[in-house]
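The structure file model03.csv is reproduced below (CSV, C-alpha atoms).
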```csv
chain,number,residue,atom,x,y,z
A,1,MET,CA,24.7,-13.5,-48.3
A,2,THR,CA,23.8,-10.2,-49.8
A,3,PRO,CA,23.6,-7.0,-47.8
A,4,GLU,CA,19.8,-7.0,-48.1
A,5,GLU,CA,19.6,-10.5,-46.7
A,6,ALA,CA,21.9,-9.6,-43.8
A,7,LEU,CA,19.8,-6.5,-43.1
A,8,ILE,CA,16.6,-8.7,-43.2
A,9,ARG,CA,18.1,-11.2,-40.7
A,10,ARG,CA,19.3,-8.4,-38.4
A,11,PHE,CA,15.8,-6.9,-38.6
A,12,GLU,CA,14.2,-10.3,-37.8
A,13,THR,CA,16.5,-10.8,-34.8
A,14,ARG,CA,15.7,-7.4,-33.4
A,15,VAL,CA,11.9,-8.0,-33.9
A,16,ARG,CA,12.3,-11.3,-31.9
A,17,GLN,CA,14.2,-9.5,-29.2
A,18,LEU,CA,11.5,-6.8,-29.1
A,19,ILE,CA,8.8,-9.5,-28.7
A,20,LEU,CA,10.7,-11.2,-25.9
A,21,ASN,CA,11.2,-7.9,-24.1
A,22,TYR,CA,7.5,-7.1,-24.5
A,23,GLY,CA,6.5,-10.4,-22.9
A,24,GLU,CA,8.9,-9.8,-20.0
A,25,GLU,CA,7.7,-6.3,-19.4
A,26,LYS,CA,4.1,-7.4,-19.6
A,27,ALA,CA,4.7,-10.0,-16.9
A,28,ALA,CA,6.5,-7.5,-14.7
A,29,ASN,CA,3.7,-5.0,-15.2
A,30,GLU,CA,1.1,-7.6,-14.1
A,31,VAL,CA,3.1,-8.3,-10.9
A,32,LEU,CA,3.3,-4.6,-10.2
A,33,ARG,CA,-0.5,-4.3,-10.7
A,34,GLU,CA,-1.1,-7.2,-8.3
A,35,GLN,CA,1.2,-5.6,-5.7
A,36,MET,CA,-0.6,-2.2,-6.1
A,37,ALA,CA,-3.9,-3.9,-5.6
A,38,GLU,CA,-2.7,-5.6,-2.5
A,39,LYS,CA,-1.4,-2.2,-1.2
A,40,ASP,CA,-4.7,-0.6,-1.9
A,41,ARG,CA,-6.4,-3.4,0.1
A,42,GLN,CA,-4.0,-2.8,3.0
A,43,ILE,CA,-4.6,0.9,2.9
A,44,ASN,CA,-8.4,0.4,2.9
A,45,ALA,CA,-8.1,-2.0,5.8
A,46,MET,CA,-6.0,0.5,7.8
A,47,LYS,CA,-8.4,3.3,7.0
A,48,GLU,CA,-11.3,1.2,8.4
A,49,GLU,CA,-9.2,0.4,11.4
A,50,MET,CA,-8.4,4.0,11.9
A,51,ALA,CA,-12.1,5.0,11.6
A,52,GLN,CA,-12.9,2.4,14.3
A,53,ILE,CA,-10.2,3.7,16.5
A,54,LYS,CA,-11.5,7.2,16.1
A,55,LYS,CA,-14.9,6.0,17.0
A,56,ASP,CA,-13.6,4.2,20.1
A,57,PHE,CA,-11.7,7.4,21.1
A,58,LYS,CA,-14.9,9.4,20.9
A,59,SER,CA,-16.6,6.8,23.1
A,60,LEU,CA,-13.8,7.1,25.6
A,61,GLN,CA,-14.1,10.9,25.6
A,62,THR,CA,-17.8,10.5,26.2
A,63,ALA,CA,-17.1,8.1,29.1
A,64,HIS,CA,-14.7,10.5,30.5
A,65,ALA,CA,-17.2,13.4,30.3
A,66,ILE,CA,-19.7,11.2,32.1
A,67,GLY,CA,-17.5,10.7,35.1
A,68,SER,CA,-14.4,8.5,34.8
A,69,THR,CA,-11.4,9.3,36.9
A,70,ASN,CA,-8.6,11.4,35.5
A,71,ASP,CA,-6.0,8.6,35.7
A,72,THR,CA,-8.1,6.1,33.9
A,73,SER,CA,-9.1,8.6,31.3
A,74,ARG,CA,-5.5,9.7,30.8
A,75,ASP,CA,-4.3,6.1,30.5
A,76,ALA,CA,-7.0,5.3,28.0
A,77,LYS,CA,-6.3,8.4,26.0
A,78,GLU,CA,-2.6,7.7,25.9
A,79,LEU,CA,-3.3,4.2,24.7
A,80,VAL,CA,-5.7,5.4,21.9
A,81,ASN,CA,-3.2,8.1,20.9
A,82,LYS,CA,-0.5,5.5,20.7
A,83,LEU,CA,-2.7,3.2,18.6
A,84,LEU,CA,-3.5,6.1,16.3
A,85,ARG,CA,0.2,7.0,15.8
A,86,GLU,CA,0.9,3.3,15.0
A,87,VAL,CA,-1.9,3.1,12.5
A,88,ASN,CA,-0.7,6.4,10.9
A,89,ARG,CA,2.8,5.1,10.8
A,90,CYS,CA,1.6,1.9,9.1
A,91,ILE,CA,-0.3,3.8,6.5
A,92,GLU,CA,2.8,5.9,5.7
A,93,LEU,CA,4.9,2.7,5.4
A,94,VAL,CA,2.3,1.2,3.0
A,95,LYS,CA,2.2,4.4,0.9
A,96,ALA,CA,6.1,4.4,0.8
A,97,GLY,CA,6.0,0.9,-0.6
A,98,VAL,CA,7.6,-0.9,2.3
```
Write the structure described by the file as structure tokens, please.
Amino acid sequence: MTPEEALIRRFETRVRQLILNYGEEKAANEVLREQMAEKDRQINAMKEEMAQIKKDFKSLQTAHAIGSTNDTSRDAKELVNKLLREVNRCIELVKAGV
């Protein structure tokens, strides 16, 4: 085999390897895109949940202003605050990629 033929064979081998690597990376990229889309859906769902919780919290504040007792209002407020912290923690986990 001449040096030129050896060079051509080595070039062909490397091109085949490059094509295989491209296919693998393309598949991995697709998986990552799907995961990212799922995380985006989760974030949007959590944002909607957070908006609803904020809305509920405002309703509770209004109810308190109208005349609920301090203990009931405080308990409800603590519960809403706890839920808000949990939703915020979930959003942070999703953003971190957990």
Taking all atoms listed in the file into account, name the residue in A:Arg10, A:Glu24, A:Lys54, A:Glu48 that is nearest to Leu84 (chain A).
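The answer is A:Lys54, which sits nearest to Leu84 (chain A).
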Please determine, counting only C-alpha atoms, which residue among A:Leu20, A:Val15, A:Val87, A:Ala96 has the shortest atom-to-atom distance to Asn44 (chain A).
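Of all the options, A:Val87 lies closest to Asn44 (chain A).
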What is the distance, in Å and to one decimal place, between CA of Asp40 (chain A) and CA of Arg89 (chain A)?
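So the answer is 15.8 Å.
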Using all atoms listed in the file, can you tell me which of A:Arg41, A:Ile53, A:Val80, A:Asp75 comes closest to Lys95 (chain A)?
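Selected residue with least distance to Lys95 (chain A): A:Arg41.
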What is the distance, in Å and to one decimal place, between CA of Ile91 (chain A) and CA of Glu49 (chain A)?
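About the pair CA of Ile91 (chain A) and CA of Glu49 (chain A): they are 10.7 Å apart.
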Coordinates-based distance that separates CA of Gln42 (chain A) from CA of Ser59 (chain A) (Å, one decimal):
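Pair CA of Ser59 (chain A) / CA of Gln42 (chain A) returns 25.6 Å.
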Here is a test: counting all atoms listed in the file, which residue of A:Asn88, A:Leu79, A:Ile43, A:Ile19 is nearest to Leu60 (chain A)?
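Nearest candidate to Leu60 (chain A) out of A:Asn88, A:Leu79, A:Ile43, A:Ile19: A:Leu79.
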Pick from A:His64, A:Lys55, A:Lys47, A:Arg74, whichever lies nearest to Glu92 (chain A) using all atoms listed in the file:
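Result for the nearest residue to Glu92 (chain A): A:Lys47.
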From the options A:Met36, A:Met50, A:Ala63, A:Ile8, which residue's atoms come nearest to Leu83 (chain A), counting all atoms listed in the file?
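The shortest atom-to-atom distance to Leu83 (chain A) comes from A:Met50.
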